[in-house]
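Asker: Please read through the structure below; I'll follow up with questions.
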Amino acid sequence: MPYSSDALSRALIATAVDGIIVIDRRGLIQVYNEACRTLFGYELSEVVGQNVKMLMPEPYHSEHDHYLSHYANTGEKKIIGVGREVVGRRKDGSTFPMYLSVGEGEAEGEPIFVGIIQDLTARKAAEDALREREARLSSILDTVPDAIIAIDEMGVVESFSPAAERLFGYEAAEVRGQNIKMLMPAPYHAQHDGYLAHYRRTGEKKIIGIGRIVVGRRRDGSTFPMELSVGEARFGDRRIFTGFVRDISDRQGAERRLEELQAELLHVSRLSAMGQMSSAIAHELNQPLTAISNYVKAARRTLDQEGPEALSRAQEMMDRAAQQVLRAGAIIRNLRDFVEKRETNRAPQSLNKVVEEAIALGLVGMAHLGVRTNLELESAMPPVLIDKIQIQQVLINLIRNSIEAMQAVSIRELAISTATDGTEFALVTVRDTGPGFTEDVRRRLFQPFVTTKEDGLGIGLTICQSIVEAHGGTIVALAGVPTGAVFRFRLPIAKQSEEAA
Amino acid sequence: MTGKSLIYVVDDDVDVRDSLRILLESAGFGVKDFGGAKEFLAEGVFTGTCLVADIRMPEMDGLELQEELVRRKLSLPVIIITGHGDVPLAVRAMKAGAIDFIEKPFDDENLLSSIRRAIEIGQQVRTREAEAAAAERLLTLLTPRERDVLDQLVIGRSNKVAAYELGISPRTVEIHRAHIMDKMNARSLSDLVRISLAAQSRGLA
């Protein structure tokens, strides 16, 4: 060895980054290196010969002497050769976490204990920060209303948020490690592994970064509509897919309620019109009926008297009664004319306003489908003579058809325009960028029970046509340029006299 | 029925009005008919025994007419007829003192019996009013002291208590009482109380 062992050990102790303390069997400090000075803040002169417990906070401070005597008496090692995390006490009284390893040696026939001290303050702080970040993140995940599910490339669930637990009815522990397809009903259940394999092979994105409405399956087997958006993250050569799931049953419920409400509104308005009408009928008819009864009863009384004068008075009364019968008949006839005219509730309306309202109604519950709407309204549009609710039904029907049809394509634009063309009719055009229809379908479009939808009844457009035609208008379906469907219908412009009415 | 009772008919429907007039005349009533409430009120003096009014009329309807009669303190019995069986309207009419609320078209006997009842009620009212007027006149004959004694007797006080209340002797009360009975033409104490109350009711009305 080129150096003396004494010089070498002094150099080692002095330059060590870790603190080094040597105590004797009574606990008195014999060696205290430069690193310790930085750690504890005591000068060498302040600690040499002092009991090492001065560097410890309570309860170690009080117990250390006992540890030493216990070891001297029993030889039972608690820390020697083991090392552990303990707390040190600086000169200023503050404490800090440290890692202490203790070895036992012998010097001049006496046992000595060597302590190597590593400051853990920085590491602890980093650990705390990490823990805090994790806690914060998980509290965010816990409170986000969207369910969050992470899977690996093979579809195995890695994490399942509390919102997901609530939504699907599974505990996270039941789902973790399972294939994600357990949360899907047929046919997705059977196809999902194939989707993943397809994506791994081709990199072709079908849902990632797009989001769509799919159907989820709860633990109890029930299914519900959900909006799913999927993000992808790479960790080295590993890929994680994170799905954000939002339950939209409520939104669709709201939509259904809206429809029910509209139907009810129509029903109620019809009923109340009928109620008003029948009350008017009752009052109108009661007048001649009262007069008839009065005349007939008066005649009956008059006939109790004898003589030609009474007879002629009674005849006069019967004639008046007969006139009242004719009056009642005329009321009923007028009423029938009135009912026929009032079958629909037509009034001069602002077509542009009717269209704007219809778009808002038509988009309820469909705003998330990513459809861009365009309105081109004729500014000098005269009022049209229409039943507003019926025409809005036509518009909503066309708008919803278009939105549904455009789910199949990536560019989704819905344009509605109003215009005049110098005739007695106003034009409304609904144009979409969907797949359109074949010439064969286009020709049969307005026939009842013709549909291109899987769950369609094929009566929507038939009703639209009958409403428009009842207004004296026409409706046509055209092929869009370059693609899409175009529906155009005409409605009668209100005449001046009707406007005043 | 001695002499013809005069019935007022107010209805804006000329045919209903005409048929009502003919019906009531055939039943022995005298009839005066009006096309609206305003024309009727323009009469000013009402010698008729009963009013039959339609509820639904332009300008002033039957209920408003009825309320106007109450406001003018005209004690003319009113029968409301309506082409429109409407419970709230019926309640309002009856509360305002209508004799009946009859739905069109009606059985003639229903209307006629209501009219007879209205005439009867009208006569009772007139009798009561005449009595009250007479009693009121009699009250004016009493001295202030006799009025004090009468007030005590009417609320049921005995001679003794009345004497104590008024600070006079029971004997004096007895003398006053005899004078009161005499002046009021009362045969008994209960007779006295009745006459006194009749006069007061008119005073309150």
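Labeling convention for the structure tokens: chains A, B, ... as they appear, residues from 1 per chain, ligands from 1 in order of appearance.
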With a distance threshold of 6 Å and counting only C-alpha atoms, extract the residues of chain B near chain A and express them as a PyMOL selection string.
Answerer: chain B and resi 16+19+23+26+83+104-105
Asker: With a distance cut-off of 8 Å and only C-alpha atoms, select the neighbouring residues of region 437-441 of chain A, excluding the residue or stretch itself and same-chain residues fewer than 6 positions from it, and output the selection as a list in words.
Answerer: Ala479, Gly484 and Ala485 of chain A
Asker: Just the residues within 10 Å of region 405-411 of chain A, please, counting only C-alpha atoms, with nothing from its chain fewer than 5 positions along; format it as a VMD selection string.
Answerer: chain A and resid 212 369 to 372 399 to 400 432 to 437 452 to 453 484 to 485
Asker: As number ranges by chain, please: all residues of region 6-168 of chain B that backbone DSSP puts in strand (DSSP E or B).
Answerer: B: 6-10, 30-34, 50-54, 78-82, 100-103
Asker: Would you work out the distance separating CA of Ser402 (chain A) from CA of Ala415 (chain A), expressed in Å to one decimal?
Answerer: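 Computing the Euclidean distance for CA of Ser402 (chain A) and CA of Ala415 (chain A) yields 10.0 Å.
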Asker: Which residue gives the smallest distance to Ser169 (chain B) among B:Val87, B:Ala135, B:Val149, B:Ile155, with only C-alpha atoms counted?
Answerer: B:Val149
